[in-house]
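A.B. asks: Next up, run05.cif (mmCIF, C-alpha atoms).
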```cif
data_work
loop_
_atom_site.group_PDB
_atom_site.id
_atom_site.type_symbol
_atom_site.label_atom_id
_atom_site.label_comp_id
_atom_site.auth_asym_id
_atom_site.auth_seq_id
_atom_site.Cartn_x
_atom_site.Cartn_y
_atom_site.Cartn_z
ATOM 1 C CA MET J 1 36.919 -66.381 -38.574
ATOM 2 C CA LEU J 2 38.537 -68.649 -36.000
ATOM 3 C CA ILE J 3 41.889 -70.075 -37.133
ATOM 4 C CA ILE J 4 42.973 -73.106 -35.118
ATOM 5 C CA ASP J 5 46.448 -74.605 -35.079
ATOM 6 C CA THR J 6 46.614 -77.822 -37.108
ATOM 7 C CA ARG J 7 47.943 -79.815 -34.158
ATOM 8 C CA ILE J 8 44.974 -78.749 -32.047
ATOM 9 C CA LYS J 9 42.624 -79.729 -34.880
ATOM 10 C CA LEU J 10 44.194 -83.201 -34.974
ATOM 11 C CA LEU J 11 43.696 -83.573 -31.214
ATOM 12 C CA LEU J 12 40.110 -82.330 -31.562
ATOM 13 C CA PHE J 13 39.479 -84.855 -34.316
ATOM 14 C CA LEU J 14 40.612 -87.723 -32.077
ATOM 15 C CA LEU J 15 38.614 -86.379 -29.135
ATOM 16 C CA ILE J 16 35.465 -85.967 -31.247
ATOM 17 C CA ASN J 17 35.762 -89.565 -32.481
ATOM 18 C CA PHE J 18 35.889 -90.826 -28.888
ATOM 19 C CA MET J 19 32.927 -88.623 -27.983
ATOM 20 C CA VAL J 20 30.521 -89.512 -30.789
ATOM 21 C CA PHE J 21 31.171 -93.252 -30.718
ATOM 22 C CA GLY J 22 30.841 -93.328 -26.941
ATOM 23 C CA LEU J 23 27.672 -91.211 -26.898
ATOM 24 C CA LYS J 24 25.117 -93.061 -29.005
ATOM 25 C CA ASP J 25 22.271 -91.662 -26.895
ATOM 26 C CA PHE J 26 20.149 -89.236 -28.934
ATOM 27 C CA ILE J 27 20.252 -86.303 -26.496
ATOM 28 C CA LEU J 28 23.938 -86.557 -25.570
ATOM 29 C CA GLY J 29 24.921 -87.215 -29.190
ATOM 30 C CA SER J 30 22.885 -84.236 -30.370
ATOM 31 C CA ILE J 31 24.591 -81.966 -27.818
ATOM 32 C CA CYS J 32 27.950 -83.129 -29.133
ATOM 33 C CA PHE J 33 26.793 -82.476 -32.719
ATOM 34 C CA LEU J 34 25.604 -78.989 -31.724
ATOM 35 C CA PHE J 35 29.021 -78.053 -30.307
ATOM 36 C CA ILE J 36 30.753 -79.299 -33.462
ATOM 37 C CA CYS J 37 28.341 -77.213 -35.565
ATOM 38 C CA VAL J 38 29.162 -74.104 -33.514
ATOM 39 C CA LEU J 39 32.899 -74.750 -33.879
ATOM 40 C CA SER J 40 32.567 -75.222 -37.656
ATOM 41 C CA LEU J 41 30.552 -71.993 -37.874
ATOM 42 C CA PHE J 42 33.311 -70.091 -36.087
ATOM 43 C CA MET J 43 35.795 -71.649 -38.536
ATOM 44 C CA GLY J 44 33.884 -70.121 -41.449
ATOM 45 C CA GLN J 45 31.976 -73.172 -42.745
ATOM 46 C CA LYS J 46 28.433 -71.777 -42.565
ATOM 47 C CA ARG J 47 27.094 -73.407 -45.740
ATOM 48 C CA LEU J 48 28.613 -76.764 -44.840
ATOM 49 C CA VAL J 49 27.110 -76.657 -41.348
ATOM 50 C CA TRP J 50 23.590 -75.960 -42.626
ATOM 51 C CA LYS J 51 23.822 -78.880 -45.054
ATOM 52 C CA TYR J 52 24.789 -81.243 -42.232
ATOM 53 C CA ILE J 53 22.111 -79.880 -39.905
ATOM 54 C CA ILE J 54 19.424 -80.531 -42.525
ATOM 55 C CA PHE J 55 20.819 -84.013 -43.175
ATOM 56 C CA TYR J 56 20.936 -84.700 -39.417
ATOM 57 C CA LEU J 57 17.290 -83.668 -38.997
ATOM 58 C CA ILE J 58 16.247 -85.898 -41.909
ATOM 59 C CA VAL J 59 18.053 -88.886 -40.380
ATOM 60 C CA VAL J 60 16.489 -88.210 -36.967
ATOM 61 C CA ALA J 61 13.028 -87.945 -38.567
ATOM 62 C CA ILE J 62 13.507 -91.293 -40.324
ATOM 63 C CA GLN J 63 14.722 -92.795 -37.051
ATOM 64 C CA GLN J 64 11.591 -91.608 -35.267
ATOM 65 C CA LEU J 65 9.188 -92.701 -38.030
ATOM 66 C CA CYS J 66 10.637 -96.174 -38.444
ATOM 67 C CA VAL J 67 8.802 -97.289 -35.269
ATOM 68 C CA TYR J 68 5.631 -97.406 -37.387
ATOM 69 C CA THR J 69 7.149 -99.886 -39.869
ATOM 70 C CA PRO J 70 7.113 -103.709 -39.587
ATOM 71 C CA GLN J 71 9.535 -105.234 -37.106
ATOM 72 C CA ALA J 72 12.077 -106.453 -39.668
ATOM 73 C CA ILE J 73 12.222 -103.094 -41.465
ATOM 74 C CA HIS J 74 12.246 -101.281 -38.113
ATOM 75 C CA THR J 75 15.338 -103.202 -36.989
ATOM 76 C CA ILE J 76 17.232 -102.564 -40.219
ATOM 77 C CA LEU J 77 16.326 -98.876 -40.358
ATOM 78 C CA SER J 78 17.154 -98.362 -36.681
ATOM 79 C CA VAL J 79 20.654 -99.788 -37.037
ATOM 80 C CA PHE J 80 21.270 -97.949 -40.322
ATOM 81 C CA THR J 81 20.039 -94.552 -39.120
ATOM 82 C CA LEU J 82 21.883 -94.915 -35.791
ATOM 83 C CA PHE J 83 25.140 -95.515 -37.643
ATOM 84 C CA ILE J 84 24.574 -92.508 -39.920
ATOM 85 C CA ARG J 85 23.563 -90.245 -36.997
ATOM 86 C CA VAL J 86 26.701 -91.191 -35.083
ATOM 87 C CA MET J 87 28.915 -90.625 -38.126
ATOM 88 C CA ILE J 88 27.504 -87.207 -39.100
ATOM 89 C CA PRO J 89 29.433 -85.201 -36.424
ATOM 90 C CA VAL J 90 32.690 -86.974 -37.343
ATOM 91 C CA VAL J 91 32.205 -86.341 -41.068
ATOM 92 C CA LEU J 92 31.251 -82.716 -40.389
ATOM 93 C CA PHE J 93 34.436 -81.985 -38.476
ATOM 94 C CA ALA J 94 36.495 -83.976 -40.998
ATOM 95 C CA SER J 95 35.025 -81.851 -43.815
ATOM 96 C CA THR J 96 35.772 -78.683 -41.831
ATOM 97 C CA PHE J 97 39.289 -79.942 -41.166
ATOM 98 C CA ILE J 98 39.922 -80.545 -44.880
ATOM 99 C CA ALA J 99 38.404 -77.203 -45.899
ATOM 100 C CA THR J 100 40.488 -75.183 -43.425
ATOM 101 C CA THR J 101 43.822 -77.043 -43.548
ATOM 102 C CA LYS J 102 46.512 -76.842 -46.185
ATOM 103 C CA VAL J 103 48.496 -79.990 -46.894
ATOM 104 C CA SER J 104 51.743 -78.160 -46.072
ATOM 105 C CA GLU J 105 50.341 -77.218 -42.655
ATOM 106 C CA LEU J 106 49.234 -80.797 -42.019
ATOM 107 C CA ILE J 107 52.626 -82.250 -42.906
ATOM 108 C CA ALA J 108 54.438 -79.675 -40.760
ATOM 109 C CA ALA J 109 52.108 -80.385 -37.828
ATOM 110 C CA MET J 110 52.490 -84.160 -38.063
ATOM 111 C CA TYR J 111 56.278 -83.925 -38.303
ATOM 112 C CA SER J 112 56.357 -81.611 -35.273
ATOM 113 C CA MET J 113 54.280 -84.169 -33.344
ATOM 114 C CA ARG J 114 56.847 -86.892 -34.188
ATOM 115 C CA ILE J 115 54.258 -88.960 -36.020
ATOM 116 C CA PRO J 116 55.899 -91.718 -38.146
ATOM 117 C CA ARG J 117 56.766 -90.670 -41.678
ATOM 118 C CA SER J 118 54.683 -93.475 -43.226
ATOM 119 C CA VAL J 119 51.548 -92.264 -41.428
ATOM 120 C CA THR J 120 52.267 -88.631 -42.334
ATOM 121 C CA ILE J 121 52.721 -89.388 -46.031
ATOM 122 C CA THR J 122 49.587 -91.554 -46.157
ATOM 123 C CA PHE J 123 47.471 -88.932 -44.388
ATOM 124 C CA ALA J 124 48.771 -86.115 -46.596
ATOM 125 C CA MET J 125 48.097 -88.054 -49.803
ATOM 126 C CA THR J 126 44.590 -88.885 -48.605
ATOM 127 C CA LEU J 127 43.919 -85.221 -47.884
ATOM 128 C CA ARG J 128 45.039 -84.339 -51.409
ATOM 129 C CA PHE J 129 43.163 -87.204 -53.061
ATOM 130 C CA PHE J 130 39.574 -86.611 -51.989
ATOM 131 C CA PRO J 131 39.168 -82.956 -53.113
ATOM 132 C CA THR J 132 40.631 -83.869 -56.503
ATOM 133 C CA PHE J 133 38.459 -86.964 -56.673
ATOM 134 C CA GLY J 134 35.372 -84.860 -55.879
ATOM 135 C CA GLU J 135 36.129 -82.580 -58.822
ATOM 136 C CA GLU J 136 36.506 -85.599 -61.093
ATOM 137 C CA ILE J 137 33.133 -86.969 -59.955
ATOM 138 C CA HIS J 138 31.567 -83.618 -60.843
ATOM 139 C CA ASN J 139 33.203 -83.680 -64.290
ATOM 140 C CA ILE J 140 32.072 -87.262 -64.897
ATOM 141 C CA TYR J 141 28.486 -86.373 -63.983
ATOM 142 C CA ASN J 142 28.561 -83.376 -66.343
ATOM 143 C CA ALA J 143 29.773 -85.661 -69.133
ATOM 144 C CA MET J 144 26.944 -88.088 -68.350
ATOM 145 C CA ARG J 145 24.412 -85.249 -68.593
ATOM 146 C CA LEU J 146 25.728 -84.324 -72.041
ATOM 147 C CA ARG J 147 25.096 -87.927 -73.122
ATOM 148 C CA GLY J 148 21.611 -87.869 -71.615
ATOM 149 C CA ILE J 149 22.527 -90.300 -68.834
ATOM 150 C CA THR J 150 21.642 -88.737 -65.495
ATOM 151 C CA ALA J 151 21.197 -90.390 -62.107
ATOM 152 C CA SER J 152 17.408 -90.106 -62.218
ATOM 153 C CA PHE J 153 14.839 -92.584 -60.916
ATOM 154 C CA ARG J 154 13.822 -93.344 -64.478
ATOM 155 C CA ASN J 155 17.354 -94.295 -65.546
ATOM 156 C CA ILE J 156 17.961 -96.253 -62.341
ATOM 157 C CA PHE J 157 15.006 -98.541 -63.121
ATOM 158 C CA THR J 158 15.093 -98.579 -66.939
ATOM 159 C CA ARG J 159 18.830 -98.431 -67.699
ATOM 160 C CA PRO J 160 20.669 -99.533 -64.548
ATOM 161 C CA MET J 161 23.554 -101.309 -66.298
ATOM 162 C CA LEU J 162 24.206 -98.385 -68.651
ATOM 163 C CA LEU J 163 24.134 -95.976 -65.697
ATOM 164 C CA LEU J 164 26.523 -98.179 -63.717
ATOM 165 C CA GLU J 165 28.904 -98.483 -66.663
ATOM 166 C CA ALA J 166 28.857 -94.721 -67.334
ATOM 167 C CA MET J 167 29.768 -94.043 -63.696
ATOM 168 C CA ALA J 168 31.972 -96.954 -62.636
ATOM 169 C CA VAL J 169 34.406 -97.132 -65.554
ATOM 170 C CA PRO J 170 35.446 -93.428 -65.542
ATOM 171 C CA ILE J 171 35.639 -93.384 -61.733
ATOM 172 C CA VAL J 172 37.967 -96.394 -61.614
ATOM 173 C CA MET J 173 40.157 -95.078 -64.429
ATOM 174 C CA ARG J 174 40.412 -91.566 -62.986
ATOM 175 C CA SER J 175 41.063 -92.867 -59.459
ATOM 176 C CA ALA J 176 44.094 -94.798 -60.678
ATOM 177 C CA SER J 177 45.289 -91.797 -62.672
ATOM 178 C CA ILE J 178 44.856 -89.377 -59.744
ATOM 179 C CA ALA J 179 46.726 -91.695 -57.377
ATOM 180 C CA GLU J 180 49.612 -91.986 -59.839
ATOM 181 C CA GLU J 181 49.764 -88.213 -60.409
ATOM 182 C CA LEU J 182 49.739 -87.458 -56.683
ATOM 183 C CA SER J 183 52.461 -90.028 -56.026
ATOM 184 C CA ALA J 184 54.663 -88.524 -58.761
ATOM 185 C CA SER J 185 54.026 -85.017 -57.397
ATOM 186 C CA ALA J 186 54.924 -86.070 -53.851
ATOM 187 C CA VAL J 187 58.135 -87.811 -54.926
ATOM 188 C CA THR J 188 59.117 -84.761 -57.013
ATOM 189 C CA ARG J 189 58.744 -82.584 -53.914
ATOM 190 C CA GLY J 190 61.011 -84.920 -51.947
ATOM 191 C CA ILE J 191 58.429 -86.332 -49.570
ATOM 192 C CA ASP J 192 60.355 -89.619 -49.386
ATOM 193 C CA ASN J 193 63.668 -87.913 -48.559
ATOM 194 C CA PRO J 194 64.962 -89.636 -45.372
ATOM 195 C CA SER J 195 66.863 -86.577 -44.116
ATOM 196 C CA GLU J 196 65.414 -84.169 -41.586
ATOM 197 C CA ARG J 197 62.831 -81.874 -43.153
ATOM 198 C CA THR J 198 62.621 -78.114 -42.918
ATOM 199 C CA SER J 199 59.432 -76.139 -43.395
ATOM 200 C CA PHE J 200 58.327 -72.635 -44.349
ATOM 201 C CA VAL J 201 55.151 -73.165 -42.311
ATOM 202 C CA ILE J 202 55.402 -71.714 -38.812
ATOM 203 C CA LEU J 203 53.000 -73.290 -36.329
ATOM 204 C CA ARG J 204 51.996 -71.447 -33.175
ATOM 205 C CA ILE J 205 49.507 -72.549 -30.538
ATOM 206 C CA LYS J 206 47.539 -69.497 -29.406
ATOM 207 C CA LYS J 207 45.393 -68.899 -26.342
ATOM 208 C CA SER J 208 42.271 -69.334 -28.466
ATOM 209 C CA ASP J 209 43.497 -72.806 -29.508
ATOM 210 C CA ILE J 210 43.952 -73.829 -25.875
ATOM 211 C CA ALA J 211 40.517 -72.411 -25.038
ATOM 212 C CA VAL J 212 38.800 -74.430 -27.800
ATOM 213 C CA LEU J 213 40.582 -77.621 -26.758
ATOM 214 C CA ALA J 214 39.704 -76.979 -23.101
ATOM 215 C CA VAL J 215 36.015 -76.489 -23.981
ATOM 216 C CA PHE J 216 35.862 -79.823 -25.779
ATOM 217 C CA VAL J 217 37.767 -81.628 -23.010
ATOM 218 C CA ILE J 218 35.289 -80.249 -20.461
ATOM 219 C CA LEU J 219 32.411 -81.210 -22.764
ATOM 220 C CA PHE J 220 33.876 -84.723 -23.055
ATOM 221 C CA VAL J 221 34.051 -85.118 -19.266
ATOM 222 C CA VAL J 222 30.585 -83.643 -18.633
ATOM 223 C CA LEU J 223 28.793 -85.718 -21.288
ATOM 224 C CA PHE J 224 30.387 -88.964 -20.155
ATOM 225 C CA PHE J 225 29.563 -88.081 -16.545
ATOM 226 C CA PHE J 226 25.897 -87.682 -17.495
ATOM 227 C CA LYS J 227 26.057 -90.925 -19.451
ATOM 228 C CA TYR J 228 27.344 -92.669 -16.335
ATOM 229 C CA GLN J 229 24.579 -91.094 -14.235
ATOM 230 C CA ILE J 230 21.873 -92.129 -16.708
ATOM 231 C CA TYR J 231 23.025 -95.605 -17.716
ATOM 232 C CA GLY J 232 25.316 -96.512 -14.843
ATOM 233 C CA ARG J 233 28.298 -97.156 -17.099
ATOM 234 C CA VAL J 234 30.812 -95.183 -19.157
#
```
When written as structure tokens, how does the structure in this file appear?
C.D. replies:
Amino acid sequence: MLIIDTRIKLLLFLLINFMVFGLKDFILGSICFLFICVLSLFMGQKRLVWKYIIFYLIVVAIQQLCVYTPQAIHTILSVFTLFIRVMIPVVLFASTFIATTKVSELIAAMYSMRIPRSVTITFAMTLRFFPTFGEEIHNIYNAMRLRGITASFRNIFTRPMLLLEAMAVPIVMRSASIAEELSASAVTRGIDNPSERTSFVILRIKKSDIAVLAVFVILFVVLFFFKYQIYGRV
């Protein structure tokens, strides 16, 4: 499994955002998505990659079939599917980033890059929040199933308000509770201490890290060169 330095992953994340939002063309965007899939596979996220590939193919199929719909629906679906298709590579790498990065490594990397403390704390808390929030969503859904309230088509049309209440109220309550618990945990660990921090995490940039970054920089230049050749603009 390929282990990439956290600082390189942060740079890759920024580079991938520039790439996918600048390459809305289907072919160039798909090439970019393919390289991100390969990178995620090397980082040990095989199951995650296959899920996103299937989702990407479904979105592309909808995008191709919407030409046979009325003009108004075609316009709405085209914009919606284009936005989702562009976001899929970003979300894939973000999911890979979260799955392969410990919060301690992220904080150490951001401090070593001289990123402002406020940004570091916010980013670290966000990285801690979403996995915990995902577990709570799973627990809430299990509780709904025990009460016979599942997110089925029948309940959506026959009991929409009950379904919304069963989902919204626990989510809001648990979100507030999780945020408070994470804040207390961070303060207990001294995250707001103004003095210079030390870390047990040792970060080293290896040759493989440089090689991965170089591949994506070259890919960035090549894809935007082809975009310029095809459309006459960058």
A.B. asks: Choose the residue, out of J:Ile171, J:Leu223, J:Val49, J:Leu146, that has the smallest atom-to-atom separation from J:Thr96; count only C-alpha atoms.
C.D. replies: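 Residue with the minimum atom-to-atom distance to J:Thr96: J:Val49.
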A.B. asks: Compare J:Ser183, J:Gln45, J:Ser78, J:Asn17 by their minimum atom-to-atom distance to J:Met1, counting all atoms listed in the file, and give me the closest one.
C.D. replies: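 Checking each of J:Ser183, J:Gln45, J:Ser78, J:Asn17 against J:Met1, counting all atoms listed in the file, the winner is J:Gln45.
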A.B. asks: In Å, rounded to a single decimal, give me how far atom CA of J:Asn142 is from atom CA of J:Ala176.
C.D. replies: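 For atom CA of J:Ala176 relative to atom CA of J:Asn142, the distance reads 20.1 Å.
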A.B. asks: Expanded to explicit residues, what is the PyMOL selection byres ((chain J and resi 128-138) around 12) for this file, as a PyMOL selection string?
C.D. replies: chain J and resi 94-95+98-99+101-104+106-107+121-127+139-145+166-183+185-186
A.B. asks: Nearest residue to J:Val20 out of J:Phe42, J:Arg85, J:Asp5, J:Asp209, using all atoms listed in the file?
C.D. replies: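 Under the stated criterion, the closest residue is J:Arg85.
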A.B. asks: At a cut-off of 12 Å, using all atoms listed in the file, what residues contact J:Phe80? Leave out same-chain residues fewer than 5 positions from it and give the result as a PyMOL selection string.
C.D. replies: chain J and resi 59-60+62-63+66+73-75+85-87
A.B. asks: Give, as JSON, the centre coordinates and the x, y and z edge lengths in Å to one decimal for an axis-aligned box around all listed atoms of stretch 107-124 of chain J, padded by 8 Å on each side.
C.D. replies:
```
{"center_x": 52.2, "center_y": -86.6, "center_z": -40.0, "size_x": 25.4, "size_y": 29.8, "size_z": 29.3}
```
A.B. asks: For J:Met43, work out the shell of residues within 10 Å, counting all atoms listed in the file and skipping chain neighbours fewer than 5 positions away, then give it as a PDB file with C-alpha atoms, keeping the file's coordinate frame.
C.D. replies:
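So around-v4.pdb came out as:
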```pdb
ATOM      1  CA  MET J   1      36.919 -66.381 -38.574  1.00  0.00           C
ATOM      2  CA  LEU J   2      38.537 -68.649 -36.000  1.00  0.00           C
ATOM      3  CA  ILE J   3      41.889 -70.075 -37.133  1.00  0.00           C
ATOM      4  CA  ILE J   4      42.973 -73.106 -35.118  1.00  0.00           C
ATOM      5  CA  CYS J  37      28.341 -77.213 -35.565  1.00  0.00           C
ATOM      6  CA  VAL J  38      29.162 -74.104 -33.514  1.00  0.00           C
ATOM      7  CA  THR J  96      35.772 -78.683 -41.831  1.00  0.00           C
ATOM      8  CA  PHE J  97      39.289 -79.942 -41.166  1.00  0.00           C
ATOM      9  CA  ALA J  99      38.404 -77.203 -45.899  1.00  0.00           C
ATOM     10  CA  THR J 100      40.488 -75.183 -43.425  1.00  0.00           C
TER      11      THR J 100
END
```
A.B. asks: Record the distance separating atom CA of J:Leu41 and atom CA of J:Asp25, expressed in Å with one decimal.
C.D. replies: 24.0 Å
